[in-house]
Amino acid sequence: MSITLEAFSPVDAVAIIRSNQDLRLCRPPYKQNNTIKVPESAIEDAVLNYDFHASGASFENWAAVIHFLNQQLIAYRESSGRPVPETLNMIEILDVAPLTVLQNFLKKVENELIPERQFAHAKHFLIALLKSHATQEHPELITTAANLLEQINHFEYSKSNSATVLEKQYSPFKNLPEKANSKADYVRKHGFFGSLEHAHALAS
Amino acid sequence: MLDLFAIATNNADFINKTFNETIANLSEPKAIEAKHFAQWVESKALISINLRLFVITEILNGIPYKNIHEWAQEQAVLSGRNKDEILRERLKGFYDKRMAFDQAFQKGECFRYGALNAGGLGLSNYGLYCTVLTHNFHDTLNHSACFSGDSLEICFSKSSTFDPMVLIKSISPFSHRHWLATSQLIADIDAAQQNDWSQLLISTDFKQYFEIIFIGEVTVNDLKCVRVSTEEYQQKQELMFASYGKSLSEPERAEVQDFIQLLRAVKDGKIQLETL
């Protein structure tokens with residue numbers, strides 16, 4: 001498969017790419033649903049009116065063209081004196097975000113992250129929020145954030161508690177592998193359903 | 001070399017006459033509506049430039065908005081390479097077209113391009129952030145001209161060779177933009193609701209719009225507001241939120257960093273952000 005990079009913007013790695021005769025405007029993170037089919041005139045329009053750089057370079061696969069675009073972005077930003085940051089300032093994001101955005105983030109924690117058990121993501125956000133100036137400006141966010149942290153703790157506690165209960169319940173079977181020969185012998189003699197009783201006996 | 005702005009000024013009477021003739025041929029209610037539209041354009045329509053988020057953050061950091069020649073000149077100074085070589089490398093097959101236009105006009109290499117905008121996201125097909133310039137900026141412009149369509153397309157429409165005659169005939173001084181727009185759009189004004197008038201100035205498919213060419217530095221003080229689609233704003237929010245759960249790629253980090261700067265400027269009252 002040949003992919004042609006027709007034009008690109010080095011400041012944000014947006015590109016017009018031709019693949020299998022299909023001309024598309026592609027934006028990071030370069031997912032299929034993040035591309036728009038564009039007419040042939042788009043190349044000229046983007047280059048002459050919207051700061052794109054003309055290219056025409058061919059690549060063997062998507063990974064190669066994405067790597068090229070990333071490198072162009074890094075180099076361009078470096079030369080502009082504003083390199084791509086290694087990490088983002090997680091607290092600054094919250095300091096500048098409007099209240100509606102912060103409230104949306106909290107809803108996402110409640111409705112998406114907690115139900116999906118993405119606790120690390122949720123805690124990372126909530127702790128940053130509590131450390132940020134945003135909670136000084138909008139103290140009402142503290143209660144919501146604290147409640148959500150409490151929910152997460154509850155889930156994590158229940159989870160670790162269940163794990164302990166399960167561990168206790170099934171610990172007698174822990175050494176089964178070592179005693180597999182003995183178990184196998186017993187199963188041969190008494191059948192499978194008798195083997196559970198025997199396993200307990202072996203463990204005790 | 002042609003003086004684009006002098007040509008536009010010389011066309012002022014013609015633009016005025018065309019408007020009056022257009023109005024004279026209308027029934028009274030339609031003429032009233034057309035005059036109302038012209039007043040609306042004069043009072044509401046400003047110059048907008050659709051930019052990339054990175055360019056807006058440069059303006060916020062005190063770096064004036066650069067056209068392609070100024071950008072190439074800066075690159076030439078930084079790299080020690082020839083400016084023309086840099087332009088050829090960037091424009092490739094489109095180099096001749098750009099140069100034919102820019103070199104045909106006095107100070108063509110200083111031209112900046114915008115669109116007449118009275119609401120909406122501007123020409124947002126490849127520049128998602130619509131930067132609207134202030135009334136004050138318009139008032140202080142000494143060199144500005146307005147016409148219907150894309151200047152390059154107009155000058156190269158008949159053949160692949162440069163022919164500025166259509167542009168020269170139809171170009172208007174910025175002060176007459178409302179009469180030009182009304183004369184051009186007269187067939188559509190009556191049918192459109194006033195709420196949709198902004199879409200007459202820049203149609204949703206970007207095929208109809210009024211280009212503004214001007215000379216003048218655009219700085220942070222000249223920005224009235226930045227308009228962005230709700231979808232783009234939402235996407236940036238998603239990216240900001242995702243950064244708490246995973247490490248982002250370089251382009252994603254760069255975009256979030258730029259967006260933080262934009263939100264910081266909004267918070268500090270330097271700029272207004274409108275989502276549509």
# chains A, B, ... in the order shown; residues from 1 in each chain; ligands from 1
>>> interface_residues(of="chain B", to="chain A", cutoff="6 Å", atoms="only C-alpha atoms", output="PDB file with N, CA and C atoms, in the first residue's frame")
ATOM      1  N   ARG B  90       8.440  25.068   0.337  1.00  0.00           N
ATOM      2  CA  ARG B  90       7.155  24.960   1.035  1.00  0.00           C
ATOM      3  C   ARG B  90       5.972  24.880   0.076  1.00  0.00           C
ATOM      4  N   LEU B  91       6.032  25.682  -1.011  1.00  0.00           N
ATOM      5  CA  LEU B  91       4.871  25.765  -1.912  1.00  0.00           C
ATOM      6  C   LEU B  91       4.912  24.750  -3.055  1.00  0.00           C
ATOM      7  N   LYS B  92       6.097  24.283  -3.373  1.00  0.00           N
ATOM      8  CA  LYS B  92       6.316  23.330  -4.481  1.00  0.00           C
ATOM      9  C   LYS B  92       5.535  23.762  -5.736  1.00  0.00           C
ATOM     10  N   TYR B 244      -4.977  12.752  32.100  1.00  0.00           N
ATOM     11  CA  TYR B 244      -4.865  12.269  33.480  1.00  0.00           C
ATOM     12  C   TYR B 244      -4.806  10.748  33.546  1.00  0.00           C
ATOM     13  N   GLY B 245      -5.116  10.100  32.408  1.00  0.00           N
ATOM     14  CA  GLY B 245      -5.171   8.643  32.432  1.00  0.00           C
ATOM     15  C   GLY B 245      -4.165   7.956  31.560  1.00  0.00           C
ATOM     16  N   ALA B 254       1.149  18.812  22.378  1.00  0.00           N
ATOM     17  CA  ALA B 254       1.324  20.163  21.825  1.00  0.00           C
ATOM     18  C   ALA B 254      -0.027  20.888  21.754  1.00  0.00           C
ATOM     19  N   LEU B 263      -6.914  29.129  26.944  1.00  0.00           N
ATOM     20  CA  LEU B 263      -7.812  29.253  28.103  1.00  0.00           C
ATOM     21  C   LEU B 263      -7.247  30.225  29.140  1.00  0.00           C
ATOM     22  N   ARG B 264      -5.924  30.232  29.277  1.00  0.00           N
ATOM     23  CA  ARG B 264      -5.274  31.171  30.205  1.00  0.00           C
ATOM     24  C   ARG B 264      -5.563  32.609  29.762  1.00  0.00           C
TER      25      ARG B 264
END
>>> select_by_dssp(residues="region 3-109 of chain A", states="strand (DSSP E or B)", output="list of chain:residue names")
A:Ile3, A:Thr4, A:Leu5, A:Glu6, A:Ala7, A:Phe8, A:Ser9, A:Val14, A:Ala15, A:Ile16, A:Ile17, A:Arg18, A:Ser19, A:Asp22, A:Leu23, A:Arg24, A:Leu25, A:Cys26, A:Thr35, A:Ile36, A:Lys37, A:His53, A:Ala54, A:Ser55, A:Gly56, A:Ala57, A:Ser58, A:Phe59
>>> residues_around(residues="region 57-60 of chain B", least_positions_apart="6", cutoff="8 Å", atoms="only C-alpha atoms", output="PyMOL selection string")
chain B and resi 218-220+258+261-262+265
>>> write_last_selection(atoms="N, CA and C atoms", output="CSV table (one decimal), in the first residue's frame")
chain,number,residue,atom,x,y,z
B,218,VAL,N,-1.2,42.4,12.8
B,218,VAL,CA,-2.3,41.9,13.7
B,218,VAL,C,-1.6,41.4,15.0
B,219,THR,N,-2.0,42.1,16.1
B,219,THR,CA,-1.5,41.7,17.4
B,219,THR,C,-2.6,41.3,18.3
B,220,VAL,N,-2.2,41.0,19.5
B,220,VAL,CA,-3.3,40.5,20.5
B,220,VAL,C,-4.3,41.6,20.7
B,258,ASP,N,-1.2,24.2,23.8
B,258,ASP,CA,-1.7,25.4,23.1
B,258,ASP,C,-3.1,25.8,23.7
B,261,GLN,N,-2.9,27.6,26.9
B,261,GLN,CA,-2.5,29.0,26.7
B,261,GLN,C,-3.7,29.8,26.3
B,262,LEU,N,-4.6,29.2,25.4
B,262,LEU,CA,-5.7,30.0,25.0
B,262,LEU,C,-6.7,30.2,26.2
B,265,ALA,N,-5.4,32.9,28.4
B,265,ALA,CA,-5.7,34.2,27.9
B,265,ALA,C,-7.1,34.6,28.1
>>> residues_around(residues="Trp71 (chain B)", least_positions_apart="6", cutoff="12 Å", atoms="only C-alpha atoms", output="PDB file with N, CA and C atoms, in the first residue's frame")
ATOM      1  N   ASP A  51      -1.668  27.871   5.397  1.00  0.00           N
ATOM      2  CA  ASP A  51      -0.366  27.591   6.015  1.00  0.00           C
ATOM      3  C   ASP A  51       0.083  26.139   5.955  1.00  0.00           C
ATOM      4  N   SER A  80      10.753  27.022  16.718  1.00  0.00           N
ATOM      5  CA  SER A  80       9.984  28.223  17.073  1.00  0.00           C
ATOM      6  C   SER A  80      10.250  28.662  18.512  1.00  0.00           C
TER       7      SER A  80
ATOM      8  N   VAL B  55      -0.819  29.325  15.981  1.00  0.00           N
ATOM      9  CA  VAL B  55      -0.595  30.711  15.518  1.00  0.00           C
ATOM     10  C   VAL B  55      -1.276  31.689  16.481  1.00  0.00           C
ATOM     11  N   ILE B  63       3.832  37.670  19.417  1.00  0.00           N
ATOM     12  CA  ILE B  63       4.439  37.523  18.082  1.00  0.00           C
ATOM     13  C   ILE B  63       3.362  37.846  17.046  1.00  0.00           C
ATOM     14  N   PRO B  64       3.527  38.934  16.259  1.00  0.00           N
ATOM     15  CA  PRO B  64       2.481  39.300  15.300  1.00  0.00           C
ATOM     16  C   PRO B  64       2.246  38.189  14.273  1.00  0.00           C
ATOM     17  N   TYR B  65       1.020  38.144  13.784  1.00  0.00           N
ATOM     18  CA  TYR B  65       0.650  37.162  12.766  1.00  0.00           C
ATOM     19  C   TYR B  65       1.453  37.418  11.488  1.00  0.00           C
ATOM     20  N   VAL B  77      16.459  33.967   7.945  1.00  0.00           N
ATOM     21  CA  VAL B  77      17.367  34.550   8.946  1.00  0.00           C
ATOM     22  C   VAL B  77      17.846  33.449   9.904  1.00  0.00           C
ATOM     23  N   LEU B  78      16.920  32.590  10.317  1.00  0.00           N
ATOM     24  CA  LEU B  78      17.266  31.535  11.282  1.00  0.00           C
ATOM     25  C   LEU B  78      18.204  30.488  10.688  1.00  0.00           C
ATOM     26  N   LYS B  83      15.591  33.019   1.055  1.00  0.00           N
ATOM     27  CA  LYS B  83      14.139  33.092   1.299  1.00  0.00           C
ATOM     28  C   LYS B  83      13.346  32.433   0.164  1.00  0.00           C
ATOM     29  N   ASP B  84      13.781  32.698  -1.074  1.00  0.00           N
ATOM     30  CA  ASP B  84      13.056  32.156  -2.218  1.00  0.00           C
ATOM     31  C   ASP B  84      13.123  30.618  -2.240  1.00  0.00           C
ATOM     32  N   ILE B  86      13.341  28.726   0.328  1.00  0.00           N
ATOM     33  CA  ILE B  86      12.433  28.255   1.395  1.00  0.00           C
ATOM     34  C   ILE B  86      10.985  28.278   0.905  1.00  0.00           C
ATOM     35  N   LEU B  87      10.648  29.347   0.188  1.00  0.00           N
ATOM     36  CA  LEU B  87       9.281  29.447  -0.349  1.00  0.00           C
ATOM     37  C   LEU B  87       8.994  28.355  -1.376  1.00  0.00           C
ATOM     38  N   ARG B  90       8.440  25.068   0.337  1.00  0.00           N
ATOM     39  CA  ARG B  90       7.155  24.960   1.035  1.00  0.00           C
ATOM     40  C   ARG B  90       5.972  24.880   0.076  1.00  0.00           C
ATOM     41  N   GLU B 109       3.746  41.378  -1.244  1.00  0.00           N
ATOM     42  CA  GLU B 109       4.319  40.455  -0.263  1.00  0.00           C
ATOM     43  C   GLU B 109       3.959  40.836   1.174  1.00  0.00           C
ATOM     44  N   CYS B 110       3.295  41.980   1.321  1.00  0.00           N
ATOM     45  CA  CYS B 110       2.845  42.396   2.667  1.00  0.00           C
ATOM     46  C   CYS B 110       1.361  42.109   2.868  1.00  0.00           C
TER      47      CYS B 110
END
>>> select_by_dssp(residues="region 15-156 of chain A", states="alpha helix (DSSP H)", output="ChimeraX atom specification")
/A:41-49,62-79,90-96,99-108,119-131,134-137,140-156
>>> residues_around(residues="Lys31 (chain A)", least_positions_apart="6", cutoff="12 Å", atoms="only C-alpha atoms", output="tab-separated table (two decimals) with N, CA and C atoms, in the first residue's frame")
chain	number	residue	atom	x	y	z
A	24	ARG	N	-7.87	12.46	2.03
A	24	ARG	CA	-8.50	12.77	3.33
A	24	ARG	C	-7.68	13.78	4.13
A	25	LEU	N	-8.41	14.58	4.91
A	25	LEU	CA	-7.77	15.47	5.88
A	25	LEU	C	-7.69	14.67	7.18
A	62	TRP	N	1.03	3.59	7.28
A	62	TRP	CA	0.55	4.69	8.11
A	62	TRP	C	1.51	5.04	9.23
A	66	ILE	N	2.86	8.80	9.97
A	66	ILE	CA	2.58	9.42	11.29
A	66	ILE	C	3.90	9.77	11.99
>>> atom_distance(atom1="CA of Thr22 (chain B)", atom2="CA of Asp139 (chain B)")
27.3 Å
>>> atom_distance(atom1="CA of Lys224 (chain B)", atom2="CA of Leu133 (chain B)")
5.1 Å
>>> decode(residues="region 157-196 of chain B", atoms="N, CA and C atoms", output="short mmCIF file (atom, residue, chain, number, x, y, z; two decimals), in the first residue's frame")
data_model
loop_
_atom_site.label_atom_id
_atom_site.label_comp_id
_atom_site.auth_asym_id
_atom_site.auth_seq_id
_atom_site.Cartn_x
_atom_site.Cartn_y
_atom_site.Cartn_z
N SER B 157 -8.85 32.14 -13.07
CA SER B 157 -10.04 31.36 -13.43
C SER B 157 -10.15 31.08 -14.93
N LYS B 158 -9.74 32.03 -15.76
CA LYS B 158 -9.94 31.84 -17.21
C LYS B 158 -8.91 30.88 -17.80
N SER B 159 -7.71 30.94 -17.30
CA SER B 159 -6.67 30.03 -17.79
C SER B 159 -5.69 29.85 -16.65
N SER B 160 -4.63 29.10 -16.94
CA SER B 160 -3.66 28.90 -15.85
C SER B 160 -2.72 30.10 -15.74
N THR B 161 -2.88 31.07 -16.65
CA THR B 161 -2.02 32.25 -16.56
C THR B 161 -2.73 33.35 -15.76
N PHE B 162 -1.93 34.20 -15.20
CA PHE B 162 -2.45 35.25 -14.32
C PHE B 162 -3.20 36.32 -15.11
N ASP B 163 -4.44 36.57 -14.72
CA ASP B 163 -5.23 37.62 -15.37
C ASP B 163 -6.02 38.37 -14.28
N PRO B 164 -5.53 39.54 -13.90
CA PRO B 164 -6.17 40.24 -12.77
C PRO B 164 -7.39 41.08 -13.15
N MET B 165 -7.81 41.04 -14.44
CA MET B 165 -8.84 41.98 -14.89
C MET B 165 -10.17 41.85 -14.15
N VAL B 166 -10.63 40.64 -13.91
CA VAL B 166 -11.92 40.44 -13.22
C VAL B 166 -11.84 41.04 -11.82
N LEU B 167 -10.70 40.78 -11.18
CA LEU B 167 -10.49 41.30 -9.82
C LEU B 167 -10.49 42.83 -9.83
N ILE B 168 -9.76 43.38 -10.79
CA ILE B 168 -9.63 44.84 -10.88
C ILE B 168 -11.01 45.50 -11.08
N LYS B 169 -11.86 44.83 -11.88
CA LYS B 169 -13.19 45.41 -12.16
C LYS B 169 -14.11 45.35 -10.94
N SER B 170 -13.95 44.32 -10.14
CA SER B 170 -14.95 44.08 -9.08
C SER B 170 -14.49 44.48 -7.68
N ILE B 171 -13.25 44.86 -7.55
CA ILE B 171 -12.73 45.12 -6.20
C ILE B 171 -13.29 46.44 -5.62
N SER B 172 -13.52 46.40 -4.32
CA SER B 172 -14.14 47.56 -3.66
C SER B 172 -13.25 48.03 -2.50
N PRO B 173 -13.29 49.33 -2.21
CA PRO B 173 -12.59 49.73 -0.99
C PRO B 173 -13.34 49.15 0.21
N PHE B 174 -12.65 48.92 1.30
CA PHE B 174 -13.28 48.29 2.47
C PHE B 174 -14.47 49.12 2.95
N SER B 175 -14.36 50.44 2.80
CA SER B 175 -15.44 51.34 3.25
C SER B 175 -16.75 51.09 2.50
N HIS B 176 -16.68 50.45 1.32
CA HIS B 176 -17.87 50.21 0.50
C HIS B 176 -18.29 48.73 0.55
N ARG B 177 -17.75 47.99 1.49
CA ARG B 177 -17.98 46.53 1.55
C ARG B 177 -19.47 46.18 1.62
N HIS B 178 -20.25 46.98 2.36
CA HIS B 178 -21.67 46.68 2.55
C HIS B 178 -22.46 46.84 1.25
N TRP B 179 -22.05 47.83 0.43
CA TRP B 179 -22.73 48.03 -0.87
C TRP B 179 -22.35 46.92 -1.83
N LEU B 180 -21.08 46.56 -1.80
CA LEU B 180 -20.62 45.46 -2.66
C LEU B 180 -21.37 44.17 -2.30
N ALA B 181 -21.40 43.86 -1.01
CA ALA B 181 -22.02 42.61 -0.56
C ALA B 181 -23.51 42.59 -0.91
N THR B 182 -24.18 43.72 -0.72
CA THR B 182 -25.62 43.78 -1.00
C THR B 182 -25.89 43.58 -2.49
N SER B 183 -25.11 44.26 -3.34
CA SER B 183 -25.30 44.12 -4.79
C SER B 183 -25.08 42.68 -5.23
N GLN B 184 -24.04 42.06 -4.65
CA GLN B 184 -23.71 40.68 -5.04
C GLN B 184 -24.74 39.67 -4.57
N LEU B 185 -25.33 39.94 -3.39
CA LEU B 185 -26.19 38.93 -2.76
C LEU B 185 -27.68 39.25 -2.92
N ILE B 186 -28.00 40.23 -3.75
CA ILE B 186 -29.37 40.74 -3.80
C ILE B 186 -30.41 39.64 -4.05
N ALA B 187 -30.05 38.65 -4.84
CA ALA B 187 -31.02 37.58 -5.16
C ALA B 187 -31.34 36.71 -3.96
N ASP B 188 -30.44 36.69 -2.99
CA ASP B 188 -30.62 35.77 -1.84
C ASP B 188 -31.15 36.47 -0.59
N ILE B 189 -30.99 37.79 -0.52
CA ILE B 189 -31.32 38.52 0.72
C ILE B 189 -32.79 38.35 1.09
N ASP B 190 -33.65 38.50 0.11
CA ASP B 190 -35.09 38.47 0.35
C ASP B 190 -35.53 37.10 0.89
N ALA B 191 -34.94 36.05 0.36
CA ALA B 191 -35.35 34.69 0.74
C ALA B 191 -34.82 34.28 2.12
N ALA B 192 -33.75 34.93 2.56
CA ALA B 192 -33.11 34.49 3.82
C ALA B 192 -33.71 35.20 5.03
N GLN B 193 -33.81 34.48 6.13
CA GLN B 193 -34.21 35.09 7.40
C GLN B 193 -33.03 35.92 7.91
N GLN B 194 -33.32 36.96 8.68
CA GLN B 194 -32.21 37.80 9.16
C GLN B 194 -31.21 37.00 9.99
N ASN B 195 -31.71 36.00 10.71
CA ASN B 195 -30.80 35.17 11.52
C ASN B 195 -29.78 34.43 10.66
N ASP B 196 -30.11 34.25 9.39
CA ASP B 196 -29.22 33.50 8.49
C ASP B 196 -28.36 34.41 7.62
#
